[in-house]
Amino acid sequence: MPKMKTHSSLKDRFKVTGTGKVKRFKAYKNHLLSHKSGRQKRVLGTQPLVAQGDVRRMQQQIANLK
């Protein structure tokens, strides 16, 4: 059987925590930041966990990332 490879584009978009949970980045934090409030930029800078329904699919895609 061939090895299952990590989806390359997901390496920079997601991070795996020490307990195996998957963290994601929020959108709208890359450009046009001058008109956004400090609070909005601060909230967008957080890294929430991936939604429960997507966790299994994400763990399969980034199985070799850790």
# chains A, B, ... in the order shown; residues from 1 in each chain; ligands from 1
call {"tool": "residues_around", "arguments": {"residues": "Phe14 in chain A", "least_positions_apart": "6", "cutoff": "9 Å", "atoms": "only C-alpha atoms", "output": "JSON list (two decimals) with C-alpha atoms, in the first residue's frame"}}
result
[["chain", "number", "residue", "atom", "x", "y", "z"],
["A", 22, "VAL", "CA", -6.69, 21.23, 15.10],
["A", 23, "LYS", "CA", -6.43, 25.03, 15.17],
["A", 24, "ARG", "CA", -7.29, 27.26, 12.22],
["A", 25, "PHE", "CA", -6.73, 30.87, 11.22],
["A", 50, "VAL", "CA", -11.79, 23.61, 13.81],
["A", 58, "MET", "CA", -8.85, 17.46, 8.81],
["A", 62, "ILE", "CA", -2.81, 16.37, 8.09]]
call {"tool": "select_by_dssp", "arguments": {"residues": "chain A", "states": "strand (DSSP E or B)", "output": "number ranges by chain"}}
result
A: 14-16, 22-24, 49
call {"tool": "closest_residue", "arguments": {"among": "A:His7, A:Lys41, A:His35, A:Arg56", "to": "Gly20 in chain A", "atoms": "only C-alpha atoms"}}
result
A:Arg56
call {"tool": "closest_residue", "arguments": {"among": "A:Asp54, A:Gln61, A:Lys29, A:Lys21", "to": "Arg42 in chain A", "atoms": "only C-alpha atoms"}}
result
A:Lys29
call {"tool": "select_by_dssp", "arguments": {"residues": "chain A", "states": "alpha helix (DSSP H)", "output": "list in words"}}
result
Gly38, Arg39, Gln40, Lys41, Arg42, Val43, Leu44, Val55, Arg56, Arg57, Met58, Gln59, Gln60 and Gln61 of chain A
call {"tool": "residues_around", "arguments": {"residues": "Tyr28 in chain A", "least_positions_apart": "4", "cutoff": "12 Å", "atoms": "only C-alpha atoms", "output": "number ranges by chain"}}
result
A: 32-33, 36, 40-45
call {"tool": "write_last_selection", "arguments": {"atoms": "C-alpha atoms", "output": "short mmCIF file (atom, residue, chain, number, x, y, z; two decimals), in the first residue's frame"}}
result
data_model
loop_
_atom_site.label_atom_id
_atom_site.label_comp_id
_atom_site.auth_asym_id
_atom_site.auth_seq_id
_atom_site.Cartn_x
_atom_site.Cartn_y
_atom_site.Cartn_z
CA LEU A 32 -6.92 46.51 4.20
CA LEU A 33 -6.23 46.68 7.92
CA LYS A 36 -10.47 48.06 10.77
CA GLN A 40 -11.56 43.62 15.21
CA LYS A 41 -7.90 42.99 14.34
CA ARG A 42 -7.25 41.57 17.81
CA VAL A 43 -10.21 39.18 17.54
CA LEU A 44 -9.20 38.10 14.04
CA GLY A 45 -5.73 37.28 15.34
#
call {"tool": "atom_distance", "arguments": {"atom1": "CA of Lys15 in chain A", "atom2": "CA of Gly53 in chain A"}}
result
17.1 Å
call {"tool": "atom_distance", "arguments": {"atom1": "CA of Thr6 in chain A", "atom2": "CA of Thr46 in chain A"}}
result
24.5 Å
call {"tool": "atom_distance", "arguments": {"atom1": "CA of Ala63 in chain A", "atom2": "CA of Lys26 in chain A"}}
result
21.8 Å
call {"tool": "decode", "arguments": {"residues": "range 21-42 of chain A", "atoms": "N, CA, C and O atoms", "output": "PDB file, in the first residue's frame"}}
result
ATOM      1  N   LYS A  21      -5.795  18.379  18.890  1.00  0.00           N
ATOM      2  CA  LYS A  21      -6.851  19.210  18.320  1.00  0.00           C
ATOM      3  C   LYS A  21      -6.268  20.046  17.184  1.00  0.00           C
ATOM      4  O   LYS A  21      -5.072  20.292  17.135  1.00  0.00           O
ATOM      5  N   VAL A  22      -7.135  20.490  16.286  1.00  0.00           N
ATOM      6  CA  VAL A  22      -6.694  21.232  15.105  1.00  0.00           C
ATOM      7  C   VAL A  22      -7.119  22.685  15.242  1.00  0.00           C
ATOM      8  O   VAL A  22      -8.294  22.977  15.460  1.00  0.00           O
ATOM      9  N   LYS A  23      -6.148  23.604  15.115  1.00  0.00           N
ATOM     10  CA  LYS A  23      -6.431  25.032  15.169  1.00  0.00           C
ATOM     11  C   LYS A  23      -6.393  25.600  13.761  1.00  0.00           C
ATOM     12  O   LYS A  23      -5.640  25.137  12.914  1.00  0.00           O
ATOM     13  N   ARG A  24      -7.216  26.623  13.535  1.00  0.00           N
ATOM     14  CA  ARG A  24      -7.293  27.256  12.224  1.00  0.00           C
ATOM     15  C   ARG A  24      -7.069  28.751  12.368  1.00  0.00           C
ATOM     16  O   ARG A  24      -7.055  29.284  13.473  1.00  0.00           O
ATOM     17  N   PHE A  25      -6.885  29.428  11.240  1.00  0.00           N
ATOM     18  CA  PHE A  25      -6.734  30.869  11.224  1.00  0.00           C
ATOM     19  C   PHE A  25      -8.033  31.496  10.719  1.00  0.00           C
ATOM     20  O   PHE A  25      -8.799  30.862  10.000  1.00  0.00           O
ATOM     21  N   LYS A  26      -8.263  32.733  11.101  1.00  0.00           N
ATOM     22  CA  LYS A  26      -9.456  33.442  10.648  1.00  0.00           C
ATOM     23  C   LYS A  26      -9.155  34.245   9.384  1.00  0.00           C
ATOM     24  O   LYS A  26      -8.015  34.638   9.142  1.00  0.00           O
ATOM     25  N   ALA A  27     -10.199  34.501   8.625  1.00  0.00           N
ATOM     26  CA  ALA A  27     -10.064  35.290   7.404  1.00  0.00           C
ATOM     27  C   ALA A  27     -10.097  36.780   7.726  1.00  0.00           C
ATOM     28  O   ALA A  27     -10.370  37.180   8.856  1.00  0.00           O
ATOM     29  N   TYR A  28      -9.816  37.604   6.727  1.00  0.00           N
ATOM     30  CA  TYR A  28      -9.909  39.069   6.789  1.00  0.00           C
ATOM     31  C   TYR A  28      -8.828  39.702   7.649  1.00  0.00           C
ATOM     32  O   TYR A  28      -9.020  40.789   8.167  1.00  0.00           O
ATOM     33  N   LYS A  29      -7.677  39.099   7.803  1.00  0.00           N
ATOM     34  CA  LYS A  29      -6.603  39.677   8.616  1.00  0.00           C
ATOM     35  C   LYS A  29      -5.350  39.922   7.773  1.00  0.00           C
ATOM     36  O   LYS A  29      -4.293  40.188   8.298  1.00  0.00           O
ATOM     37  N   ASN A  30      -5.458  39.861   6.443  1.00  0.00           N
ATOM     38  CA  ASN A  30      -4.264  39.945   5.607  1.00  0.00           C
ATOM     39  C   ASN A  30      -4.004  41.326   5.021  1.00  0.00           C
ATOM     40  O   ASN A  30      -2.861  41.736   4.915  1.00  0.00           O
ATOM     41  N   HIS A  31      -5.021  42.031   4.630  1.00  0.00           N
ATOM     42  CA  HIS A  31      -4.800  43.342   4.014  1.00  0.00           C
ATOM     43  C   HIS A  31      -6.005  44.231   4.293  1.00  0.00           C
ATOM     44  O   HIS A  31      -6.991  43.782   4.872  1.00  0.00           O
ATOM     45  N   LEU A  32      -5.890  45.509   3.928  1.00  0.00           N
ATOM     46  CA  LEU A  32      -6.919  46.512   4.201  1.00  0.00           C
ATOM     47  C   LEU A  32      -7.177  46.624   5.703  1.00  0.00           C
ATOM     48  O   LEU A  32      -8.315  46.670   6.164  1.00  0.00           O
ATOM     49  N   LEU A  33      -6.097  46.666   6.477  1.00  0.00           N
ATOM     50  CA  LEU A  33      -6.232  46.683   7.923  1.00  0.00           C
ATOM     51  C   LEU A  33      -6.356  48.090   8.497  1.00  0.00           C
ATOM     52  O   LEU A  33      -6.704  48.248   9.666  1.00  0.00           O
ATOM     53  N   SER A  34      -6.094  49.110   7.695  1.00  0.00           N
ATOM     54  CA  SER A  34      -6.053  50.467   8.241  1.00  0.00           C
ATOM     55  C   SER A  34      -7.432  50.944   8.689  1.00  0.00           C
ATOM     56  O   SER A  34      -7.537  51.714   9.645  1.00  0.00           O
ATOM     57  N   HIS A  35      -8.501  50.517   8.036  1.00  0.00           N
ATOM     58  CA  HIS A  35      -9.826  50.992   8.422  1.00  0.00           C
ATOM     59  C   HIS A  35     -10.497  50.086   9.441  1.00  0.00           C
ATOM     60  O   HIS A  35     -11.569  50.414   9.940  1.00  0.00           O
ATOM     61  N   LYS A  36      -9.886  48.955   9.782  1.00  0.00           N
ATOM     62  CA  LYS A  36     -10.473  48.057  10.769  1.00  0.00           C
ATOM     63  C   LYS A  36     -10.064  48.494  12.168  1.00  0.00           C
ATOM     64  O   LYS A  36      -8.964  48.982  12.388  1.00  0.00           O
ATOM     65  N   SER A  37     -10.965  48.298  13.104  1.00  0.00           N
ATOM     66  CA  SER A  37     -10.696  48.726  14.476  1.00  0.00           C
ATOM     67  C   SER A  37      -9.665  47.798  15.122  1.00  0.00           C
ATOM     68  O   SER A  37      -9.463  46.656  14.687  1.00  0.00           O
ATOM     69  N   GLY A  38      -9.065  48.290  16.175  1.00  0.00           N
ATOM     70  CA  GLY A  38      -8.091  47.478  16.901  1.00  0.00           C
ATOM     71  C   GLY A  38      -8.717  46.237  17.493  1.00  0.00           C
ATOM     72  O   GLY A  38      -8.119  45.173  17.521  1.00  0.00           O
ATOM     73  N   ARG A  39      -9.945  46.375  17.955  1.00  0.00           N
ATOM     74  CA  ARG A  39     -10.643  45.226  18.523  1.00  0.00           C
ATOM     75  C   ARG A  39     -10.878  44.154  17.470  1.00  0.00           C
ATOM     76  O   ARG A  39     -10.687  42.959  17.712  1.00  0.00           O
ATOM     77  N   GLN A  40     -11.297  44.575  16.278  1.00  0.00           N
ATOM     78  CA  GLN A  40     -11.556  43.620  15.208  1.00  0.00           C
ATOM     79  C   GLN A  40     -10.280  42.884  14.815  1.00  0.00           C
ATOM     80  O   GLN A  40     -10.270  41.679  14.637  1.00  0.00           O
ATOM     81  N   LYS A  41      -9.181  43.625  14.710  1.00  0.00           N
ATOM     82  CA  LYS A  41      -7.901  42.986  14.345  1.00  0.00           C
ATOM     83  C   LYS A  41      -7.423  42.043  15.437  1.00  0.00           C
ATOM     84  O   LYS A  41      -6.874  40.984  15.159  1.00  0.00           O
ATOM     85  N   ARG A  42      -7.652  42.420  16.682  1.00  0.00           N
ATOM     86  CA  ARG A  42      -7.253  41.574  17.805  1.00  0.00           C
ATOM     87  C   ARG A  42      -8.066  40.272  17.818  1.00  0.00           C
ATOM     88  O   ARG A  42      -7.524  39.178  18.014  1.00  0.00           O
TER      89      ARG A  42
END
